[in-house]
Amino acid sequence: MQSGSKSKREGWRSELPREGVGAAVIEKLKEEKRKDAIWQGKCSGTVYIGGSEYEGHFSLINEACSMFAHTNPLHLDVFQSVARFEAEVVAMTAALLGSKGKSSGGEICGNMTSGGTESILMAVKSSRDYMKDKKGIKRPEMIIPESAHSAYDKAAQYFNIKLRRVPINKSTVLIVGSAPGFPHGIIDPIEELGELAFSYDICLHVDLCLGGFVLPFARMLGYPIPPFDFSVKGVTSISVDVHKYGLAPKGTSVVLYRNHDIRKHQFVAVTEWSGGLYVSPTIAGSRPGGLIAGAWAALMSLGLEGATMHLSLVAYPNAPLNACV
Ligand SMILES: *Cc1c(COP(=O)(O)O)cnc(C)c1O
């Protein structure tokens, strides 16, 4: 996965060229691109859009991204277009995951992030600080299944949370279920986890990074899918990758919360900075508005019917398979 051995790096630049190459850089890009594996339509678990890279859905996304490539939602007042796209991507995603149902409580909220990992990092951090406020837990622990993504290990390291695979104790702030998990494509029993979380009054994060744009459509197609979203009592947050089966450009994911009381722990607001008021929702400061526009274009262009059709034809039969062939 990482870039290759030392010998492969022979001839790689270690300094800026003295004279810029100008527009000839495009030829250089093409030259390098030819060295990549032929992944188009062949890399399950890596690229989720099918077909030629220069036609159809791919080219539509490329056009949307390039149209907004230089925008930055950190400056909401300048880029109102992107602010709207982000809010709508979050709302459209939430609506697929039970936000309109009565049992959701009607307060589902969220943000776009750079990917599943950042969505998970944000949900873990917000849960930690929410539980600190609510229960005064200062040495937080979380409990995850064997199959949960390695992003939770990252979160535990970054945010100083003990990771456990043992029974819940009084320091537990968060438990985790995946629907499905990346390694095996198995859906964890979310309803049972929800009951557990509710009875202990702790957070439950459902990792729908892979399944968020598969399970709702699979259900519409008549597959028997057990409850997995905000319809389940006890679920406090959800991560869902638009850049997987949402068929959006890489670098787009959504993190959703049951209510604002939990999400407020995600934000950083610096009021006494010499640079002025600084408010940032996720890990990044400046963020790529082009990717948000690309995600919005992906969801809008397909719509409910297009996405369901795409899944029935292409993705769903392969959804649990993540081998690169
Ligand atoms: C892909 C995935 C992640 C991590 O997402 P990235 O976008 O690679 O950061 C986490 N959980 C599950 C279930 C996933 O499929």
# chains A, B, ... in the order shown; residues from 1 in each chain; ligands from 1

$ residues_near_ligand --ligand "ligand 1" --cutoff "7 Å" --atoms "only C-alpha atoms and all ligand atoms" --output "list in words"
Gly115, Gly116, Thr117, Glu118, His149, Ala151, Ser178, Pro180, Gly181, Phe182, Asp207, Leu208, Cys209, Leu210 and Asp241 of chain A

$ write_last_selection --atoms "C-alpha atoms" --output "mmCIF file, in the first residue's frame"
data_model
loop_
_atom_site.group_PDB
_atom_site.id
_atom_site.type_symbol
_atom_site.label_atom_id
_atom_site.label_comp_id
_atom_site.auth_asym_id
_atom_site.auth_seq_id
_atom_site.Cartn_x
_atom_site.Cartn_y
_atom_site.Cartn_z
ATOM 1 C CA GLY A 115 -13.103 10.129 4.880
ATOM 2 C CA GLY A 116 -14.242 7.267 7.070
ATOM 3 C CA THR A 117 -11.268 7.608 9.372
ATOM 4 C CA GLU A 118 -11.920 11.276 10.088
ATOM 5 C CA HIS A 149 -11.795 -0.936 11.560
ATOM 6 C CA ALA A 151 -9.452 3.683 12.611
ATOM 7 C CA SER A 178 -20.217 -2.007 12.093
ATOM 8 C CA PRO A 180 -20.908 -4.183 7.809
ATOM 9 C CA GLY A 181 -17.326 -4.383 9.015
ATOM 10 C CA PHE A 182 -14.677 -3.972 6.313
ATOM 11 C CA ASP A 207 -19.783 2.366 11.440
ATOM 12 C CA LEU A 208 -21.701 2.615 8.161
ATOM 13 C CA CYS A 209 -18.615 3.739 6.222
ATOM 14 C CA LEU A 210 -19.106 0.849 3.828
ATOM 15 C CA ASP A 241 -18.471 7.270 3.404
#

$ residues_around --residues "Ile283 of chain A" --least-positions-apart "2" --cutoff "10 Å" --atoms "only C-alpha atoms" --output "list in words"
Thr113, Ser114, Glu118, Ser119, Leu121, Met122, Gln266, Phe267, Val268, Ser280, Pro281, Gly285, Ser286 and Arg287 of chain A

$ write_last_selection --atoms "N, CA and C atoms" --output "PDB file, in the first residue's frame"
ATOM      1  N   THR A 113     -16.578  15.146   6.288  1.00  0.00           N
ATOM      2  CA  THR A 113     -15.167  15.011   6.654  1.00  0.00           C
ATOM      3  C   THR A 113     -14.404  14.491   5.443  1.00  0.00           C
ATOM      4  N   SER A 114     -13.114  14.244   5.647  1.00  0.00           N
ATOM      5  CA  SER A 114     -12.261  13.820   4.536  1.00  0.00           C
ATOM      6  C   SER A 114     -12.342  12.332   4.259  1.00  0.00           C
ATOM      7  N   GLU A 118     -11.649  10.011   9.398  1.00  0.00           N
ATOM      8  CA  GLU A 118     -11.920  11.276  10.088  1.00  0.00           C
ATOM      9  C   GLU A 118     -13.319  11.281  10.689  1.00  0.00           C
ATOM     10  N   SER A 119     -14.301  10.682  10.006  1.00  0.00           N
ATOM     11  CA  SER A 119     -15.653  10.598  10.582  1.00  0.00           C
ATOM     12  C   SER A 119     -15.613   9.833  11.897  1.00  0.00           C
ATOM     13  N   LEU A 121     -12.905   9.323  13.851  1.00  0.00           N
ATOM     14  CA  LEU A 121     -12.157  10.119  14.828  1.00  0.00           C
ATOM     15  C   LEU A 121     -13.067  11.164  15.478  1.00  0.00           C
ATOM     16  N   MET A 122     -13.863  11.831  14.664  1.00  0.00           N
ATOM     17  CA  MET A 122     -14.744  12.878  15.178  1.00  0.00           C
ATOM     18  C   MET A 122     -15.806  12.302  16.121  1.00  0.00           C
ATOM     19  N   GLN A 266     -17.663  18.232  19.036  1.00  0.00           N
ATOM     20  CA  GLN A 266     -16.774  18.029  17.886  1.00  0.00           C
ATOM     21  C   GLN A 266     -16.065  19.322  17.490  1.00  0.00           C
ATOM     22  N   PHE A 267     -16.729  20.443  17.706  1.00  0.00           N
ATOM     23  CA  PHE A 267     -16.228  21.728  17.196  1.00  0.00           C
ATOM     24  C   PHE A 267     -15.098  22.309  18.028  1.00  0.00           C
ATOM     25  N   VAL A 268     -14.232  23.039  17.357  1.00  0.00           N
ATOM     26  CA  VAL A 268     -13.242  23.848  18.060  1.00  0.00           C
ATOM     27  C   VAL A 268     -13.540  25.306  17.717  1.00  0.00           C
ATOM     28  N   SER A 280     -13.940  25.847  13.597  1.00  0.00           N
ATOM     29  CA  SER A 280     -13.677  24.780  12.636  1.00  0.00           C
ATOM     30  C   SER A 280     -14.353  23.498  13.114  1.00  0.00           C
ATOM     31  N   PRO A 281     -15.166  22.878  12.244  1.00  0.00           N
ATOM     32  CA  PRO A 281     -15.945  21.727  12.696  1.00  0.00           C
ATOM     33  C   PRO A 281     -15.147  20.422  12.781  1.00  0.00           C
ATOM     34  N   GLY A 285      -8.422  22.482   8.806  1.00  0.00           N
ATOM     35  CA  GLY A 285      -8.812  23.886   8.851  1.00  0.00           C
ATOM     36  C   GLY A 285      -9.431  24.216   7.505  1.00  0.00           C
ATOM     37  N   SER A 286      -8.582  24.628   6.557  1.00  0.00           N
ATOM     38  CA  SER A 286      -9.062  24.782   5.182  1.00  0.00           C
ATOM     39  C   SER A 286      -9.531  23.426   4.680  1.00  0.00           C
ATOM     40  N   ARG A 287     -10.615  23.415   3.944  1.00  0.00           N
ATOM     41  CA  ARG A 287     -11.132  22.158   3.408  1.00  0.00           C
ATOM     42  C   ARG A 287     -11.418  22.301   1.919  1.00  0.00           C
TER      43      ARG A 287
END

$ atom_distance --atom1 "atom CA of Leu256 of chain A" --atom2 "atom CA of Glu305 of chain A"
23.3 Å

$ closest_residue --among "A:Ser150, A:Thr236, A:Asn160, A:Gln40" --to "Ile175 of chain A" --atoms "only C-alpha atoms"
A:Thr236

$ residues_around --residues "Pro227 of chain A" --least-positions-apart "5" --cutoff "8 Å" --atoms "only C-alpha atoms" --output "PyMOL selection string"
chain A and resi 190-191+232

$ select_by_dssp --residues "segment 145-281 of chain A" --states "helix (DSSP H, G or I)" --output "number ranges by chain"
A: 151-159, 190-200, 215-220, 260-266

$ write_last_selection --atoms "N, CA, C and O atoms" --output "compact mmCIF listing (two decimals), in the first residue's frame"
# COMPACT_ATOMS: atom_id res chain seq x y z
N ALA A 151 -9.28 2.26 12.29
CA ALA A 151 -9.45 3.68 12.61
C ALA A 151 -9.74 3.89 14.10
O ALA A 151 -9.42 4.95 14.65
N TYR A 152 -10.32 2.88 14.78
CA TYR A 152 -10.59 3.03 16.23
C TYR A 152 -9.31 2.95 17.04
O TYR A 152 -9.18 3.57 18.09
N ASP A 153 -8.33 2.17 16.56
CA ASP A 153 -7.02 2.16 17.21
C ASP A 153 -6.37 3.53 17.09
O ASP A 153 -5.77 4.05 18.02
N LYS A 154 -6.51 4.11 15.89
CA LYS A 154 -5.98 5.45 15.65
C LYS A 154 -6.64 6.44 16.62
O LYS A 154 -5.96 7.24 17.27
N ALA A 155 -7.96 6.37 16.74
CA ALA A 155 -8.71 7.29 17.62
C ALA A 155 -8.25 7.10 19.07
O ALA A 155 -8.06 8.08 19.79
N ALA A 156 -8.07 5.86 19.48
CA ALA A 156 -7.66 5.58 20.87
C ALA A 156 -6.30 6.19 21.14
O ALA A 156 -6.06 6.78 22.20
N GLN A 157 -5.40 6.09 20.15
CA GLN A 157 -4.06 6.66 20.32
C GLN A 157 -4.11 8.19 20.32
O GLN A 157 -3.50 8.84 21.17
N TYR A 158 -4.82 8.76 19.38
CA TYR A 158 -4.88 10.22 19.27
C TYR A 158 -5.53 10.84 20.51
O TYR A 158 -5.11 11.89 20.97
N PHE A 159 -6.60 10.23 20.99
CA PHE A 159 -7.44 10.88 22.01
C PHE A 159 -7.31 10.27 23.39
O PHE A 159 -8.13 10.54 24.26
N ILE A 190 -26.93 -4.50 15.59
CA ILE A 190 -27.02 -3.10 16.03
C ILE A 190 -28.14 -2.91 17.07
O ILE A 190 -27.96 -2.17 18.04
N GLU A 191 -29.28 -3.60 16.89
CA GLU A 191 -30.37 -3.44 17.86
C GLU A 191 -29.95 -3.87 19.25
O GLU A 191 -30.26 -3.21 20.25
N GLU A 192 -29.23 -4.99 19.32
CA GLU A 192 -28.79 -5.48 20.64
C GLU A 192 -27.75 -4.54 21.26
O GLU A 192 -27.78 -4.26 22.45
N LEU A 193 -26.85 -4.04 20.41
CA LEU A 193 -25.86 -3.08 20.91
C LEU A 193 -26.55 -1.81 21.40
O LEU A 193 -26.16 -1.21 22.40
N GLY A 194 -27.62 -1.41 20.68
CA GLY A 194 -28.39 -0.23 21.05
C GLY A 194 -29.02 -0.40 22.43
O GLY A 194 -28.99 0.52 23.26
N GLU A 195 -29.57 -1.59 22.68
CA GLU A 195 -30.17 -1.86 24.00
C GLU A 195 -29.13 -1.77 25.10
O GLU A 195 -29.35 -1.19 26.16
N LEU A 196 -27.95 -2.33 24.79
CA LEU A 196 -26.84 -2.31 25.75
C LEU A 196 -26.43 -0.86 26.05
O LEU A 196 -26.32 -0.46 27.21
N ALA A 197 -26.23 -0.08 24.98
CA ALA A 197 -25.79 1.31 25.15
C ALA A 197 -26.83 2.10 25.93
O ALA A 197 -26.50 2.88 26.81
N PHE A 198 -28.10 1.88 25.58
CA PHE A 198 -29.17 2.63 26.23
C PHE A 198 -29.24 2.28 27.72
O PHE A 198 -29.36 3.16 28.57
N SER A 199 -29.12 0.98 28.03
CA SER A 199 -29.28 0.59 29.43
C SER A 199 -28.11 1.08 30.28
O SER A 199 -28.28 1.35 31.47
N TYR A 200 -26.93 1.22 29.69
CA TYR A 200 -25.77 1.73 30.46
C TYR A 200 -25.61 3.25 30.30
O TYR A 200 -24.70 3.83 30.87
N LEU A 215 -27.01 -0.45 2.41
CA LEU A 215 -28.12 -1.07 3.13
C LEU A 215 -29.48 -0.39 2.88
O LEU A 215 -30.47 -1.11 2.68
N PRO A 216 -29.56 0.97 2.85
CA PRO A 216 -30.88 1.56 2.61
C PRO A 216 -31.46 1.15 1.25
O PRO A 216 -32.65 0.90 1.11
N PHE A 217 -30.56 1.06 0.23
CA PHE A 217 -31.02 0.68 -1.11
C PHE A 217 -31.33 -0.81 -1.17
O PHE A 217 -32.28 -1.24 -1.82
N ALA A 218 -30.51 -1.59 -0.49
CA ALA A 218 -30.74 -3.04 -0.46
C ALA A 218 -32.11 -3.32 0.14
O ALA A 218 -32.86 -4.17 -0.33
N ARG A 219 -32.45 -2.54 1.17
CA ARG A 219 -33.77 -2.72 1.80
C ARG A 219 -34.87 -2.36 0.81
O ARG A 219 -35.87 -3.07 0.70
N MET A 220 -34.66 -1.24 0.06
CA MET A 220 -35.67 -0.84 -0.93
C MET A 220 -35.84 -1.92 -2.00
O MET A 220 -36.90 -2.07 -2.59
N HIS A 260 -27.63 17.85 18.71
CA HIS A 260 -26.60 18.90 18.78
C HIS A 260 -25.80 18.83 20.07
O HIS A 260 -24.65 19.25 20.12
N ASP A 261 -26.43 18.30 21.10
CA ASP A 261 -25.77 18.21 22.39
C ASP A 261 -24.52 17.33 22.31
O ASP A 261 -23.52 17.59 23.00
N ILE A 262 -24.57 16.31 21.47
CA ILE A 262 -23.40 15.44 21.29
C ILE A 262 -22.43 16.11 20.30
O ILE A 262 -21.23 16.18 20.54
N ARG A 263 -22.96 16.64 19.20
CA ARG A 263 -22.09 17.16 18.15
C ARG A 263 -21.29 18.38 18.61
O ARG A 263 -20.19 18.61 18.11
N LYS A 264 -21.83 19.13 19.53
CA LYS A 264 -21.12 20.37 19.91
C LYS A 264 -19.72 20.06 20.42
O LYS A 264 -18.83 20.91 20.36
N HIS A 265 -19.50 18.83 20.90
CA HIS A 265 -18.18 18.45 21.40
C HIS A 265 -17.18 18.20 20.27
O HIS A 265 -16.01 17.95 20.51
N GLN A 266 -17.66 18.23 19.04
CA GLN A 266 -16.77 18.03 17.89
C GLN A 266 -16.07 19.32 17.49
O GLN A 266 -14.94 19.31 17.00

$ atom_distance --atom1 "atom CA of His75 of chain A" --atom2 "atom CA of Gly289 of chain A"
10.2 Å

$ closest_atom_pairs --of "segment 166-245 of chain A" --to "segment 94-105 of chain A" --cutoff "7 Å" --atoms "only C-alpha atoms" --output "JSON lines"
{"residue": "A:Pro216", "atom": "CA", "partner": "A:Leu96", "partner_atom": "CA", "distance": 6.3}
{"residue": "A:Asp229", "atom": "CA", "partner": "A:Leu97", "partner_atom": "CA", "distance": 5.3}
{"residue": "A:Phe230", "atom": "CA", "partner": "A:Gly98", "partner_atom": "CA", "distance": 5.1}
{"residue": "A:Ser231", "atom": "CA", "partner": "A:Ser103", "partner_atom": "CA", "distance": 5.3}

$ residues_around --residues "Arg258 of chain A" --least-positions-apart "4" --cutoff "7 Å" --atoms "only C-alpha atoms" --output "JSON list (two decimals) with C-alpha atoms, in the first residue's frame"
[["chain", "number", "residue", "atom", "x", "y", "z"],
["A", 107, "GLU", "CA", -32.54, 16.40, 15.68],
["A", 108, "ILE", "CA", -30.05, 14.45, 13.55],
["A", 109, "CYS", "CA", -27.11, 16.67, 12.57],
["A", 236, "THR", "CA", -25.68, 8.17, 19.13],
["A", 237, "SER", "CA", -23.50, 8.59, 16.02]]

$ atom_distance --atom1 "atom CA of Ser253 of chain A" --atom2 "atom CA of Asp36 of chain A"
25.0 Å

$ select_by_dssp --residues "segment 96-206 of chain A" --states "strand (DSSP E or B)" --output "MDAnalysis selection string"
chainID A and resid 109:113 141:143 162:164 172:178 203:206

$ write_last_selection --atoms "N, CA, C and O atoms" --output "PDB file, in the first residue's frame"
ATOM      1  N   CYS A 109     -27.948  15.629  13.143  1.00  0.00           N
ATOM      2  CA  CYS A 109     -27.107  16.670  12.570  1.00  0.00           C
ATOM      3  C   CYS A 109     -25.752  16.056  12.225  1.00  0.00           C
ATOM      4  O   CYS A 109     -25.463  14.934  12.635  1.00  0.00           O
ATOM      5  N   GLY A 110     -24.927  16.784  11.490  1.00  0.00           N
ATOM      6  CA  GLY A 110     -23.635  16.196  11.154  1.00  0.00           C
ATOM      7  C   GLY A 110     -22.800  17.115  10.292  1.00  0.00           C
ATOM      8  O   GLY A 110     -23.152  18.273  10.039  1.00  0.00           O
ATOM      9  N   ASN A 111     -21.664  16.595   9.842  1.00  0.00           N
ATOM     10  CA  ASN A 111     -20.712  17.344   9.015  1.00  0.00           C
ATOM     11  C   ASN A 111     -20.095  16.433   7.984  1.00  0.00           C
ATOM     12  O   ASN A 111     -20.084  15.218   8.145  1.00  0.00           O
ATOM     13  N   MET A 112     -19.503  17.049   6.962  1.00  0.00           N
ATOM     14  CA  MET A 112     -18.695  16.273   6.031  1.00  0.00           C
ATOM     15  C   MET A 112     -17.255  16.250   6.533  1.00  0.00           C
ATOM     16  O   MET A 112     -16.773  17.215   7.139  1.00  0.00           O
ATOM     17  N   THR A 113     -16.578  15.146   6.288  1.00  0.00           N
ATOM     18  CA  THR A 113     -15.167  15.011   6.654  1.00  0.00           C
ATOM     19  C   THR A 113     -14.404  14.491   5.443  1.00  0.00           C
ATOM     20  O   THR A 113     -14.985  14.271   4.380  1.00  0.00           O
ATOM     21  N   GLU A 141     -12.774   4.799  28.359  1.00  0.00           N
ATOM     22  CA  GLU A 141     -12.476   3.544  27.676  1.00  0.00           C
ATOM     23  C   GLU A 141     -13.558   3.317  26.638  1.00  0.00           C
ATOM     24  O   GLU A 141     -14.679   3.786  26.783  1.00  0.00           O
ATOM     25  N   MET A 142     -13.204   2.597  25.554  1.00  0.00           N
ATOM     26  CA  MET A 142     -14.251   2.203  24.607  1.00  0.00           C
ATOM     27  C   MET A 142     -14.115   0.718  24.292  1.00  0.00           C
ATOM     28  O   MET A 142     -13.036   0.153  24.399  1.00  0.00           O
ATOM     29  N   ILE A 143     -15.232   0.138  23.909  1.00  0.00           N
ATOM     30  CA  ILE A 143     -15.267  -1.305  23.681  1.00  0.00           C
ATOM     31  C   ILE A 143     -15.646  -1.564  22.230  1.00  0.00           C
ATOM     32  O   ILE A 143     -16.657  -1.048  21.748  1.00  0.00           O
ATOM     33  N   LYS A 162      -8.675   4.254  26.337  1.00  0.00           N
ATOM     34  CA  LYS A 162      -8.277   2.851  26.440  1.00  0.00           C
ATOM     35  C   LYS A 162      -9.228   1.999  25.592  1.00  0.00           C
ATOM     36  O   LYS A 162     -10.445   2.123  25.678  1.00  0.00           O
ATOM     37  N   LEU A 163      -8.623   1.153  24.755  1.00  0.00           N
ATOM     38  CA  LEU A 163      -9.411   0.252  23.904  1.00  0.00           C
ATOM     39  C   LEU A 163      -9.549  -1.077  24.614  1.00  0.00           C
ATOM     40  O   LEU A 163      -8.556  -1.646  25.073  1.00  0.00           O
ATOM     41  N   ARG A 164     -10.781  -1.605  24.675  1.00  0.00           N
ATOM     42  CA  ARG A 164     -10.982  -2.885  25.366  1.00  0.00           C
ATOM     43  C   ARG A 164     -11.867  -3.815  24.570  1.00  0.00           C
ATOM     44  O   ARG A 164     -12.696  -3.393  23.790  1.00  0.00           O
ATOM     45  N   THR A 172     -16.582   3.150  30.680  1.00  0.00           N
ATOM     46  CA  THR A 172     -16.900   3.019  29.262  1.00  0.00           C
ATOM     47  C   THR A 172     -17.692   4.236  28.787  1.00  0.00           C
ATOM     48  O   THR A 172     -18.715   4.578  29.384  1.00  0.00           O
ATOM     49  N   VAL A 173     -17.186   4.893  27.718  1.00  0.00           N
ATOM     50  CA  VAL A 173     -17.934   6.019  27.150  1.00  0.00           C
ATOM     51  C   VAL A 173     -18.598   5.631  25.835  1.00  0.00           C
ATOM     52  O   VAL A 173     -19.561   6.251  25.416  1.00  0.00           O
ATOM     53  N   LEU A 174     -18.074   4.592  25.204  1.00  0.00           N
ATOM     54  CA  LEU A 174     -18.500   4.313  23.821  1.00  0.00           C
ATOM     55  C   LEU A 174     -18.356   2.829  23.470  1.00  0.00           C
ATOM     56  O   LEU A 174     -17.329   2.217  23.789  1.00  0.00           O
ATOM     57  N   ILE A 175     -19.389   2.277  22.829  1.00  0.00           N
ATOM     58  CA  ILE A 175     -19.235   0.973  22.182  1.00  0.00           C
ATOM     59  C   ILE A 175     -19.482   1.162  20.683  1.00  0.00           C
ATOM     60  O   ILE A 175     -20.035   2.184  20.258  1.00  0.00           O
ATOM     61  N   VAL A 176     -19.066   0.180  19.903  1.00  0.00           N
ATOM     62  CA  VAL A 176     -19.025   0.344  18.454  1.00  0.00           C
ATOM     63  C   VAL A 176     -19.578  -0.892  17.759  1.00  0.00           C
ATOM     64  O   VAL A 176     -19.291  -2.016  18.160  1.00  0.00           O
ATOM     65  N   GLY A 177     -20.399  -0.667  16.719  1.00  0.00           N
ATOM     66  CA  GLY A 177     -20.823  -1.759  15.849  1.00  0.00           C
ATOM     67  C   GLY A 177     -20.620  -1.350  14.407  1.00  0.00           C
ATOM     68  O   GLY A 177     -20.632  -0.162  14.093  1.00  0.00           O
ATOM     69  N   SER A 178     -20.401  -2.315  13.512  1.00  0.00           N
ATOM     70  CA  SER A 178     -20.217  -2.007  12.093  1.00  0.00           C
ATOM     71  C   SER A 178     -21.314  -2.678  11.274  1.00  0.00           C
ATOM     72  O   SER A 178     -21.738  -3.787  11.581  1.00  0.00           O
ATOM     73  N   CYS A 203     -22.479   5.947  24.808  1.00  0.00           N
ATOM     74  CA  CYS A 203     -22.629   6.188  23.374  1.00  0.00           C
ATOM     75  C   CYS A 203     -22.470   4.901  22.561  1.00  0.00           C
ATOM     76  O   CYS A 203     -21.732   3.999  22.948  1.00  0.00           O
ATOM     77  N   LEU A 204     -23.189   4.853  21.449  1.00  0.00           N
ATOM     78  CA  LEU A 204     -23.011   3.755  20.484  1.00  0.00           C
ATOM     79  C   LEU A 204     -22.766   4.369  19.112  1.00  0.00           C
ATOM     80  O   LEU A 204     -23.620   5.099  18.589  1.00  0.00           O
ATOM     81  N   HIS A 205     -21.586   4.076  18.546  1.00  0.00           N
ATOM     82  CA  HIS A 205     -21.290   4.529  17.189  1.00  0.00           C
ATOM     83  C   HIS A 205     -21.517   3.378  16.208  1.00  0.00           C
ATOM     84  O   HIS A 205     -21.021   2.281  16.431  1.00  0.00           O
ATOM     85  N   VAL A 206     -22.296   3.635  15.152  1.00  0.00           N
ATOM     86  CA  VAL A 206     -22.469   2.622  14.110  1.00  0.00           C
ATOM     87  C   VAL A 206     -21.611   3.011  12.914  1.00  0.00           C
ATOM     88  O   VAL A 206     -21.772   4.082  12.332  1.00  0.00           O
TER      89      VAL A 206
END

$ residues_around --residues "segment 47-51 of chain A" --least-positions-apart "3" --cutoff "7 Å" --atoms "only C-alpha atoms" --output "PyMOL selection string"
chain A and resi 40-41+43-44+244-245+247
